[in-house]
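Text of query-v3.tsv, listed as TSV, C-alpha atoms:
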```
chain	number	residue	atom	x	y	z
A	1	MET	CA	0.22	8.86	58.01
A	2	ILE	CA	3.25	7.50	56.12
A	3	ILE	CA	1.82	3.93	56.21
A	4	LEU	CA	-1.51	5.11	54.75
A	5	SER	CA	0.27	6.77	51.86
A	6	LEU	CA	1.92	3.45	50.92
A	7	THR	CA	-1.29	1.46	50.45
A	8	GLY	CA	-2.29	0.29	46.97
A	9	CYS	CA	-1.10	-2.10	44.26
A	10	TRP	CA	2.38	-1.36	42.99
A	11	ASP	CA	1.84	-3.37	39.77
A	12	SER	CA	-1.79	-2.48	39.05
A	13	VAL	CA	-2.95	-2.03	35.45
A	14	GLU	CA	-6.19	-0.20	34.66
A	15	LEU	CA	-8.89	-2.16	32.84
A	16	ASN	CA	-8.76	0.10	29.79
A	17	ARG	CA	-5.06	-0.77	29.47
A	18	ARG	CA	-5.64	-4.53	29.39
A	19	ALA	CA	-6.22	-6.82	26.42
A	20	ILE	CA	-8.26	-9.81	27.68
A	21	VAL	CA	-6.89	-13.09	26.29
A	22	SER	CA	-9.53	-15.83	25.95
A	23	GLY	CA	-7.39	-18.54	24.33
A	24	VAL	CA	-3.78	-19.46	23.60
A	25	ALA	CA	-2.44	-21.66	20.81
A	26	ILE	CA	1.07	-23.12	21.05
A	27	ASP	CA	2.83	-24.26	17.87
A	28	ARG	CA	6.35	-25.57	17.28
A	29	GLY	CA	8.54	-23.08	15.49
A	30	PRO	CA	10.95	-23.97	12.67
A	31	THR	CA	14.13	-23.43	14.76
A	32	ASP	CA	15.20	-23.48	18.40
A	33	GLU	CA	15.48	-19.67	18.24
A	34	GLU	CA	11.73	-19.63	17.51
A	35	LYS	CA	10.83	-22.84	19.33
A	36	TYR	CA	7.62	-21.49	20.85
A	37	VAL	CA	5.11	-19.79	18.55
A	38	LEU	CA	2.29	-18.45	20.73
A	39	SER	CA	-0.98	-17.10	19.34
A	40	PHE	CA	-3.23	-15.09	21.67
A	41	GLN	CA	-6.95	-14.73	20.98
A	42	VAL	CA	-7.83	-11.26	22.32
A	43	ILE	CA	-11.41	-10.11	22.91
A	44	ILE	CA	-12.44	-6.78	21.35
A	45	ALA	CA	-14.79	-5.46	24.02
A	46	ASP	CA	-16.44	-2.82	21.78
A	47	GLU	CA	-17.55	-5.49	19.31
A	48	ILE	CA	-18.94	-7.71	22.08
A	49	SER	CA	-20.95	-5.01	23.84
A	50	GLY	CA	-22.46	-3.66	20.62
A	51	GLU	CA	-22.64	-0.05	21.78
A	52	ASN	CA	-19.53	1.09	19.92
A	53	ALA	CA	-19.34	-1.82	17.47
A	54	ARG	CA	-17.80	-1.12	14.08
A	55	GLY	CA	-18.84	-4.41	12.47
A	56	ALA	CA	-15.36	-5.89	12.84
A	57	SER	CA	-14.37	-9.30	14.20
A	58	PRO	CA	-15.16	-9.74	17.95
A	59	VAL	CA	-11.69	-11.22	18.50
A	60	VAL	CA	-8.23	-10.69	17.06
A	61	VAL	CA	-5.19	-12.97	17.16
A	62	TYR	CA	-1.67	-11.75	17.98
A	63	LYS	CA	1.35	-13.99	17.49
A	64	GLY	CA	4.80	-14.02	19.06
A	65	SER	CA	7.77	-16.40	18.97
A	66	GLY	CA	10.84	-17.05	21.07
A	67	ARG	CA	13.18	-19.55	22.71
A	68	THR	CA	10.91	-19.70	25.77
A	69	MET	CA	7.22	-19.15	26.44
A	70	PHE	CA	7.88	-15.89	28.27
A	71	GLU	CA	10.01	-14.55	25.41
A	72	ALA	CA	7.24	-15.39	22.94
A	73	LEU	CA	4.75	-13.51	25.12
A	74	ALA	CA	7.01	-10.48	25.26
A	75	ASN	CA	7.44	-10.64	21.47
A	76	ALA	CA	3.66	-10.67	20.95
A	77	SER	CA	3.25	-7.58	23.14
A	78	ARG	CA	4.96	-5.51	20.44
A	79	GLN	CA	1.84	-5.85	18.30
A	80	THR	CA	-0.75	-4.53	20.74
A	81	ALA	CA	-1.16	-1.21	22.52
A	82	ARG	CA	-2.44	-2.92	25.67
A	83	PHE	CA	-1.03	-5.39	28.19
A	84	LEU	CA	-1.92	-8.99	27.39
A	85	SER	CA	-3.99	-10.12	30.39
A	86	LEU	CA	-3.78	-13.90	30.92
A	87	GLY	CA	-6.15	-14.19	33.86
A	88	HIS	CA	-9.19	-15.10	31.71
A	89	ILE	CA	-7.72	-17.78	29.45
A	90	ARG	CA	-10.35	-20.48	28.94
A	91	VAL	CA	-8.58	-22.78	26.47
A	92	ILE	CA	-4.98	-23.70	25.74
A	93	ILE	CA	-4.43	-25.55	22.46
A	94	ILE	CA	-1.14	-27.36	21.79
A	95	SER	CA	-0.16	-28.61	18.35
A	96	GLU	CA	0.24	-32.37	17.88
A	97	LYS	CA	3.82	-31.84	16.66
A	98	PHE	CA	4.76	-30.09	19.90
A	99	ALA	CA	2.88	-32.63	22.02
A	100	ARG	CA	4.94	-35.48	20.58
A	101	GLU	CA	8.12	-33.64	21.63
A	102	GLY	CA	6.90	-33.06	25.20
A	103	ILE	CA	4.72	-30.55	27.07
A	104	LYS	CA	6.18	-30.49	30.59
A	105	ASP	CA	8.07	-27.22	30.06
A	106	MET	CA	4.96	-25.31	29.02
A	107	MET	CA	2.95	-26.87	31.86
A	108	ASP	CA	5.55	-25.47	34.26
A	109	VAL	CA	4.89	-22.00	32.88
A	110	PHE	CA	1.11	-22.23	33.26
A	111	GLU	CA	1.48	-23.58	36.78
A	112	ARG	CA	4.05	-20.97	37.80
A	113	GLU	CA	2.65	-17.81	36.18
A	114	SER	CA	0.62	-15.88	38.75
A	115	GLU	CA	-1.97	-14.57	36.27
A	116	THR	CA	-2.92	-17.83	34.54
A	117	ARG	CA	-5.53	-20.19	35.98
A	118	LEU	CA	-5.13	-23.92	36.62
A	119	SER	CA	-8.76	-24.33	35.53
A	120	SER	CA	-8.07	-23.50	31.86
A	121	TYR	CA	-8.98	-26.35	29.50
A	122	ILE	CA	-6.21	-28.11	27.57
A	123	PHE	CA	-6.63	-29.43	23.99
A	124	ILE	CA	-4.32	-31.05	21.44
A	125	SER	CA	-4.77	-29.91	17.84
A	126	LYS	CA	-5.00	-33.16	15.86
A	127	GLY	CA	-2.95	-33.07	12.65
A	128	GLN	CA	-3.20	-29.28	12.32
A	129	PRO	CA	-1.39	-26.19	13.60
A	130	ALA	CA	-2.96	-25.09	16.87
A	131	ILE	CA	-3.58	-21.58	15.58
A	132	GLU	CA	-6.25	-22.88	13.17
A	133	SER	CA	-8.56	-23.66	16.08
A	134	LEU	CA	-8.31	-20.06	17.33
A	135	THR	CA	-9.04	-18.49	13.95
A	136	THR	CA	-12.26	-20.35	13.12
A	137	MET	CA	-15.44	-18.36	13.65
A	138	THR	CA	-18.40	-20.25	15.10
A	139	ALA	CA	-22.18	-19.88	14.79
A	140	PHE	CA	-23.14	-20.12	18.47
A	141	GLY	CA	-20.75	-17.63	20.00
A	142	LYS	CA	-18.78	-14.55	19.10
A	143	ILE	CA	-15.67	-15.84	20.87
A	144	PRO	CA	-14.27	-19.12	19.43
A	145	ALA	CA	-12.55	-20.07	22.71
A	146	ASN	CA	-15.85	-19.88	24.60
A	147	ASP	CA	-17.61	-21.89	21.91
A	148	LEU	CA	-15.01	-24.65	22.22
A	149	VAL	CA	-15.55	-24.81	25.99
A	150	GLU	CA	-19.32	-25.06	25.54
A	151	LYS	CA	-18.93	-27.83	22.94
A	152	LEU	CA	-16.81	-29.82	25.37
A	153	GLN	CA	-19.33	-29.37	28.16
A	154	THR	CA	-22.19	-30.44	25.86
A	155	THR	CA	-20.50	-33.54	24.46
A	156	SER	CA	-19.32	-34.64	27.92
A	157	LYS	CA	-22.96	-34.71	29.07
A	158	GLN	CA	-24.54	-36.18	25.93
A	159	TYR	CA	-22.03	-38.34	24.06
A	160	GLY	CA	-19.65	-39.51	26.70
A	161	TYR	CA	-15.97	-39.98	26.27
A	162	ASN	CA	-14.77	-36.36	26.02
A	163	TYR	CA	-14.57	-34.75	29.45
A	164	ARG	CA	-13.09	-31.66	31.08
A	165	MET	CA	-9.29	-31.69	31.33
A	166	GLU	CA	-7.69	-28.70	33.02
A	167	VAL	CA	-4.09	-27.59	33.49
A	168	ASP	CA	-4.00	-29.10	36.96
A	169	ASP	CA	-5.27	-32.47	35.63
A	170	ILE	CA	-2.52	-32.57	33.01
A	171	VAL	CA	0.21	-31.73	35.54
A	172	ARG	CA	-0.96	-34.54	37.84
A	173	GLY	CA	-1.31	-36.90	34.86
A	174	ILE	CA	2.32	-36.35	33.85
A	175	GLN	CA	3.31	-37.56	37.32
A	176	LEU	CA	1.11	-40.68	37.15
A	177	PRO	CA	3.30	-43.75	37.91
A	178	GLY	CA	4.14	-45.47	34.61
A	179	GLY	CA	1.55	-43.47	32.69
A	180	GLY	CA	0.60	-40.00	31.59
A	181	PRO	CA	-2.37	-37.69	31.05
A	182	ILE	CA	-5.31	-38.02	28.69
A	183	VAL	CA	-6.11	-34.84	26.71
A	184	ASN	CA	-9.01	-33.92	24.44
A	185	GLY	CA	-8.31	-33.45	20.77
A	186	VAL	CA	-9.66	-30.64	18.62
A	187	MET	CA	-9.65	-30.07	14.88
A	188	VAL	CA	-11.17	-27.85	12.21
A	189	ILE	CA	-13.28	-29.62	9.61
A	190	GLY	CA	-13.22	-27.70	6.38
A	191	GLY	CA	-11.20	-24.54	6.67
A	192	ASP	CA	-11.84	-22.51	3.53
A	193	GLN	CA	-13.17	-19.59	5.58
A	194	GLN	CA	-10.96	-19.60	8.66
A	195	GLY	CA	-10.69	-16.22	10.31
A	196	SER	CA	-13.66	-14.88	8.36
A	197	ASN	CA	-17.34	-14.32	9.19
A	198	ASP	CA	-18.24	-15.38	5.63
A	199	SER	CA	-18.38	-19.00	6.81
A	200	LEU	CA	-21.40	-18.16	9.00
A	201	LYS	CA	-23.50	-16.63	6.21
A	202	ASP	CA	-24.39	-20.03	4.75
A	203	ILE	CA	-26.76	-22.61	6.28
A	204	LYS	CA	-23.91	-25.13	6.16
A	205	PRO	CA	-20.72	-23.59	7.64
A	206	LYS	CA	-17.60	-24.15	5.56
A	207	ALA	CA	-15.40	-24.51	8.66
A	208	ILE	CA	-16.49	-26.27	11.86
A	209	LEU	CA	-14.54	-26.44	15.11
A	210	ARG	CA	-14.94	-29.95	16.53
A	211	VAL	CA	-13.92	-31.73	19.73
A	212	THR	CA	-12.45	-35.03	18.56
A	213	ASP	CA	-10.48	-38.08	19.83
A	214	LEU	CA	-8.50	-38.50	23.05
A	215	ALA	CA	-4.73	-37.95	23.03
A	216	ALA	CA	-2.90	-40.57	25.13
A	217	PHE	CA	0.43	-39.61	26.70
A	218	LYS	CA	3.39	-41.41	28.26
A	219	GLU	CA	4.73	-38.98	30.84
A	220	ASP	CA	4.66	-35.69	28.89
A	221	LYS	CA	4.86	-37.05	25.33
A	222	LEU	CA	1.94	-37.84	23.03
A	223	LYS	CA	1.96	-41.52	22.05
A	224	GLY	CA	-1.26	-41.97	20.10
A	225	TRP	CA	-4.95	-41.24	19.64
A	226	LEU	CA	-7.92	-43.10	21.12
A	227	GLN	CA	-11.28	-43.24	19.37
A	228	GLY	CA	-14.40	-45.37	19.37
A	229	ASP	CA	-14.43	-48.25	21.87
A	230	GLU	CA	-10.88	-47.47	23.03
A	231	ALA	CA	-11.85	-43.93	24.01
A	232	VAL	CA	-15.15	-44.92	25.64
A	233	GLY	CA	-13.48	-47.72	27.62
A	234	THR	CA	-10.72	-45.38	28.77
A	235	SER	CA	-13.22	-42.80	30.04
A	236	LEU	CA	-15.18	-45.56	31.77
A	237	ILE	CA	-12.09	-46.83	33.61
A	238	LYS	CA	-11.14	-43.29	34.62
A	239	ASN	CA	-14.70	-42.82	35.94
A	240	GLU	CA	-15.36	-39.76	33.76
A	241	ILE	CA	-18.60	-40.89	32.10
A	242	THR	CA	-21.69	-38.79	32.76
A	243	GLN	CA	-23.90	-40.60	30.29
A	244	ILE	CA	-23.29	-42.37	27.02
A	245	PRO	CA	-25.41	-44.03	24.31
A	246	GLU	CA	-25.04	-47.78	23.82
A	247	VAL	CA	-26.41	-49.83	20.92
A	248	VAL	CA	-27.06	-53.55	21.41
A	249	SER	CA	-27.48	-55.94	18.48
A	250	ILE	CA	-30.35	-58.43	18.96
A	251	GLY	CA	-30.28	-59.97	15.50
A	252	GLU	CA	-29.51	-59.25	11.88
A	253	ASN	CA	-29.98	-55.49	11.34
A	254	GLU	CA	-31.94	-55.24	14.60
A	255	TYR	CA	-30.75	-52.99	17.39
A	256	VAL	CA	-31.84	-51.61	20.75
A	257	SER	CA	-30.49	-48.29	22.00
A	258	PHE	CA	-29.79	-47.43	25.63
A	259	ILE	CA	-28.56	-44.43	27.54
A	260	VAL	CA	-26.08	-45.49	30.24
A	261	TYR	CA	-25.66	-43.23	33.27
A	262	LEU	CA	-24.69	-43.17	36.96
A	263	SER	CA	-21.47	-45.04	36.24
A	264	GLN	CA	-19.41	-45.86	39.33
A	265	VAL	CA	-15.94	-47.38	38.97
A	266	HIS	CA	-13.52	-48.90	41.45
A	267	ILE	CA	-10.09	-50.30	40.56
A	268	HIS	CA	-8.71	-52.85	43.01
A	269	ALA	CA	-5.25	-54.42	42.90
A	270	GLU	CA	-4.27	-57.70	44.56
A	271	ALA	CA	-0.58	-56.95	44.98
A	272	LYS	CA	0.82	-59.24	47.65
A	273	ASP	CA	3.15	-60.37	44.89
A	274	PRO	CA	3.88	-57.04	43.14
A	275	GLU	CA	5.58	-58.85	40.26
A	276	HIS	CA	2.27	-60.58	39.40
A	277	PRO	CA	-0.58	-58.26	40.46
A	278	ILE	CA	-4.22	-58.95	39.63
A	279	ILE	CA	-6.19	-55.86	38.65
A	280	THR	CA	-9.98	-55.97	38.99
A	281	ILE	CA	-12.19	-53.23	37.56
A	282	TYR	CA	-15.61	-53.02	39.20
A	283	ILE	CA	-18.22	-51.04	37.26
A	284	SER	CA	-21.79	-50.42	38.36
A	285	GLU	CA	-24.13	-48.57	35.98
A	286	GLN	CA	-27.77	-47.84	35.33
A	287	ALA	CA	-29.39	-47.67	31.91
A	288	GLY	CA	-32.59	-46.52	30.27
A	289	LEU	CA	-34.00	-48.02	27.08
A	290	GLU	CA	-34.36	-45.22	24.53
A	291	GLU	CA	-35.13	-46.98	21.24
A	292	SER	CA	-36.63	-50.39	20.47
A	293	PRO	CA	-38.11	-50.42	16.94
A	294	ASN	CA	-38.93	-54.15	17.03
A	295	ALA	CA	-41.33	-56.70	18.45
A	296	LEU	CA	-39.65	-57.30	21.82
A	297	ASP	CA	-41.95	-57.82	24.79
A	298	LEU	CA	-40.44	-55.33	27.23
A	299	THR	CA	-42.95	-56.25	29.92
A	300	ASP	CA	-41.28	-59.66	30.22
A	301	PRO	CA	-38.51	-59.57	32.91
A	302	LYS	CA	-36.57	-62.28	31.05
A	303	VAL	CA	-36.36	-60.09	27.94
A	304	VAL	CA	-35.11	-57.12	29.98
A	305	ASN	CA	-32.55	-59.34	31.78
A	306	ASN	CA	-31.26	-60.64	28.44
A	307	LEU	CA	-30.85	-57.07	27.21
A	308	SER	CA	-28.94	-56.24	30.41
A	309	GLU	CA	-26.55	-59.13	29.76
A	310	LEU	CA	-25.97	-57.99	26.17
A	311	LEU	CA	-25.35	-54.46	27.44
A	312	GLU	CA	-22.85	-55.73	30.01
A	313	GLN	CA	-20.97	-57.61	27.30
A	314	ASN	CA	-20.84	-54.42	25.19
A	315	ILE	CA	-19.26	-52.55	28.11
A	316	LYS	CA	-16.75	-55.36	28.71
A	317	ASP	CA	-15.72	-55.23	25.03
A	318	LYS	CA	-15.01	-51.52	25.39
A	319	LEU	CA	-12.97	-52.11	28.55
A	320	HIS	CA	-10.91	-54.79	26.77
A	321	ALA	CA	-10.32	-52.38	23.88
A	322	ALA	CA	-9.15	-49.66	26.28
A	323	VAL	CA	-6.68	-51.97	28.04
A	324	SER	CA	-5.35	-53.31	24.72
A	325	ALA	CA	-4.80	-49.75	23.46
A	326	ALA	CA	-2.92	-48.74	26.62
A	327	ARG	CA	-0.70	-51.81	26.36
A	328	SER	CA	0.05	-51.20	22.69
A	329	LEU	CA	1.05	-47.60	23.52
A	330	LYS	CA	3.11	-48.87	26.50
A	331	SER	CA	1.59	-46.28	28.81
A	332	ASP	CA	-0.37	-46.96	31.99
A	333	TYR	CA	-2.51	-43.82	31.77
A	334	LEU	CA	-5.38	-45.96	33.12
A	335	GLY	CA	-3.86	-45.79	36.62
A	336	PHE	CA	-3.26	-49.50	37.35
A	337	GLY	CA	0.22	-48.76	38.73
A	338	GLU	CA	-1.32	-46.18	41.05
A	339	ALA	CA	-3.70	-48.88	42.35
A	340	VAL	CA	-0.77	-51.24	43.02
A	341	GLU	CA	1.07	-48.46	44.86
A	342	ARG	CA	-1.97	-47.82	47.08
A	343	GLU	CA	-2.35	-51.52	47.88
A	344	ASN	CA	1.32	-52.33	48.47
A	345	PRO	CA	3.59	-49.24	48.78
A	346	ARG	CA	6.68	-51.26	49.65
A	347	GLY	CA	6.12	-53.69	46.82
A	348	TRP	CA	5.62	-50.82	44.39
A	349	LYS	CA	9.11	-49.53	45.11
A	350	GLN	CA	10.46	-52.90	43.95
A	351	VAL	CA	8.61	-52.89	40.61
A	352	LYS	CA	8.21	-49.23	39.62
A	353	ASP	CA	11.41	-49.23	37.55
A	354	HIS	CA	10.14	-52.09	35.35
A	355	TRP	CA	6.39	-51.55	35.67
A	356	ASP	CA	6.01	-51.31	31.88
A	357	SER	CA	6.82	-55.01	31.46
A	358	ILE	CA	4.50	-56.00	34.32
A	359	PHE	CA	1.68	-53.82	32.99
A	360	ALA	CA	1.96	-55.52	29.59
A	361	THR	CA	1.28	-59.01	30.99
A	362	CYS	CA	-0.53	-58.71	34.34
A	363	GLU	CA	-3.97	-60.28	34.80
A	364	ILE	CA	-6.90	-57.88	34.46
A	365	LYS	CA	-10.49	-58.78	35.37
A	366	PHE	CA	-13.75	-56.98	34.69
A	367	ASP	CA	-16.79	-57.08	36.95
A	368	VAL	CA	-19.67	-55.20	35.27
A	369	ASP	CA	-23.17	-54.81	36.68
A	370	ILE	CA	-25.82	-52.88	34.73
A	371	VAL	CA	-29.45	-52.44	35.72
A	372	VAL	CA	-32.05	-51.32	33.15
A	373	ARG	CA	-34.14	-48.87	35.17
A	374	HIS	CA	-36.80	-47.74	32.67
A	375	THR	CA	-38.05	-47.84	29.09
A	376	ASP	CA	-38.81	-44.10	28.92
A	377	MET	CA	-42.34	-43.01	27.90
A	378	ARG	CA	-43.75	-46.44	26.97
A	379	ASN	CA	-43.10	-50.16	27.35
A	380	ASN	CA	-43.66	-52.16	24.17
A	381	SER	CA	-43.36	-50.67	20.72
A	382	PHE	CA	-46.49	-50.36	18.59
A	383	GLN	CA	-44.83	-52.96	16.32
A	384	PHE	CA	-45.27	-55.53	19.10
A	385	ASN	CA	-48.97	-54.73	19.29
A	386	ASN	CA	-49.36	-55.10	15.50
A	387	ILE	CA	-47.79	-58.56	15.57
A	388	ARG	CA	-50.13	-59.70	18.31
```
Please express the file's structure as structure tokens.
Amino acid sequence: MIILSLTGCWDSVELNRRAIVSGVAIDRGPTDEEKYVLSFQVIIADEISGENARGASPVVVYKGSGRTMFEALANASRQTARFLSLGHIRVIIISEKFAREGIKDMMDVFERESETRLSSYIFISKGQPAIESLTTMTAFGKIPANDLVEKLQTTSKQYGYNYRMEVDDIVRGIQLPGGGPIVNGVMVIGGDQQGSNDSLKDIKPKAILRVTDLAAFKEDKLKGWLQGDEAVGTSLIKNEITQIPEVVSIGENEYVSFIVYLSQVHIHAEAKDPEHPIITIYISEQAGLEESPNALDLTDPKVVNNLSELLEQNIKDKLHAAVSAARSLKSDYLGFGEAVERENPRGWKQVKDHWDSIFATCEIKFDVDIVVRHTDMRNNSFQFNNIR
């Protein structure tokens, strides 16, 4: 009877006493006494459900500061009548200023705290305070944090180089031998109507929340931003491409567009001599021709083979750009050191302390194979028929 009376949760909190946090922004404070400035995006359930809506904002942002993350959280709790519940955080946004100082301390908190999830998405706010991304209302969702997640999922499937990066991925990236993690960037374009629904009353929103370039780290410190070919090549090497558009030039102001998909990547290191390793990147991809507004004869296998060769060269150019960017930032976030360690663990112990100098000069080869599988709904363009 006594045992039965002791059952239950000693630290339980009723649902109506919780404030559900959907996103967290972390900014660098002006002093060490206020080093961490945390902003919590809290969902207002009445405004989401619509039954008891008062026409107010569906989310509200509370801010707290302190010497540590936990102190900042406790400070923010003074502003709300409910307990801040961290179990539903979908996005964590870190300011660029803080990222350049180092993020390992805050990653320890998110990994250690029992309520937070390792599956929350991490972003770096490019050139702006992180709080701006949590106070921008969006057209496709009442909760800005959810909208940001959906934008990332959409662009990762359609455009290519942005992909899902969770807390656990960042923690493992910080421990990457000689390298660091890659993190998505986010920024607000415009900004006249941040924190207001007035931005959504026009056909053209005055403030747009956008997933942007990739932030490249060395250990836990931000070293630079990757965009264009550098970003695409980096995502290719890290085998994170779902599909991506590619444009091939076939003459002056003449282009053919492809969609590249089913990318498979393997990094192999010849490391018998760990001081002079040879890194080979094998990439196998398939492609579909999506746009050919010209007079090419796409029923001719030679024409299709020539297009495949041009497409392969485009991919190689992107891989070269990615490697050059990593070397200029002096960070092996591409994982070449990890490949050497797998191939020759004993040799890696001899070179890991000066891997940066080896990474800067080692030989890197690219082996790219692309097969054009289809030309979508038709073969030749009507322009080819007109010429004939």
Selected residue, from A:Gln286, A:Ala269, A:Ala99, A:Ile259, that lies nearest to A:Tyr159 when counting all atoms listed in the file:
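Checking each of A:Gln286, A:Ala269, A:Ala99, A:Ile259 against A:Tyr159, counting all atoms listed in the file, the winner is A:Ile259.
Excluding stretch 354-364 of chain A itself and same-chain residues fewer than 2 positions from it, the residues having an atom within 6 Å of it are A:Ile278, A:Ile279, A:Thr280, A:Arg327, A:Val351, A:Lys352, counting all atoms listed in the file.
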When you count all atoms listed in the file, which of these residues is closest to A:Ser57: A:Ile143, A:Ile94, A:Leu84, A:Leu296?
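Residue with the minimum atom-to-atom distance to A:Ser57: A:Ile143.
Closest approach to A:Val188 from the set A:Leu214, A:Val149, A:Val232, A:Met137 is made by A:Met137, with distances taken over all atoms listed in the file.
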Considering only C-alpha atoms, return as a PyMOL selection string whatever protein or nucleic-acid residues lie within 10 Å of A:Ala215, sequence-local ones (same chain, fewer than 3 positions apart) excluded.
chain A and resi 96+99+123-126+181-186+212+221-227+231
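Compared by their closest atoms to A:Ala145, and using all atoms listed in the file, the residues A:Tyr121, A:Phe217, A:Phe366, A:Phe258 rank with A:Tyr121 nearest.
Checking A:Met165, A:Leu289, A:Ala19, A:Ala322 one by one against A:Met377, counting only C-alpha atoms, you find the shortest gap at A:Leu289.
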I need the residue nearest A:Ser120 from this list: A:Gly66, A:Gly87, A:Pro144, A:Gly347. Use all atoms listed in the file for the distance.
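Checking each of A:Gly66, A:Gly87, A:Pro144, A:Gly347 against A:Ser120, counting all atoms listed in the file, the winner is A:Gly87.
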List the spatial neighbours of A:Phe83 as a ChimeraX atom specification - criterion: any atom at most 8 Å away, only C-alpha atoms, same-chain residues fewer than 3 positions off excluded.
/A:17-19,77,80
Could you tell me how far atom CA of A:Glu33 lies from atom CA of A:Glu115, in Å and to one decimal?
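Atom CA of A:Glu115 lies at a distance of 25.6 Å from atom CA of A:Glu33.
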Just the number, please: distance in Å from atom CA of A:Asp147 to atom CA of A:Ser235, one decimal.
22.9 Å
Neighbouring residues of A:Ile315 were defined as those with any atom within 12 Å, considering only C-alpha atoms; residues of the same chain fewer than 4 positions away were excluded. Please report them as number ranges by chain.
A: 229-230, 232-237, 244-248, 258, 260, 263, 281-285, 287, 308-311, 319-322, 366-370
Kindly give the distance, in Å, that separates atom CA of A:Met187 and atom CA of A:Ser133, rounded to a single decimal.
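Atom CA of A:Ser133 lies 6.6 Å from atom CA of A:Met187.
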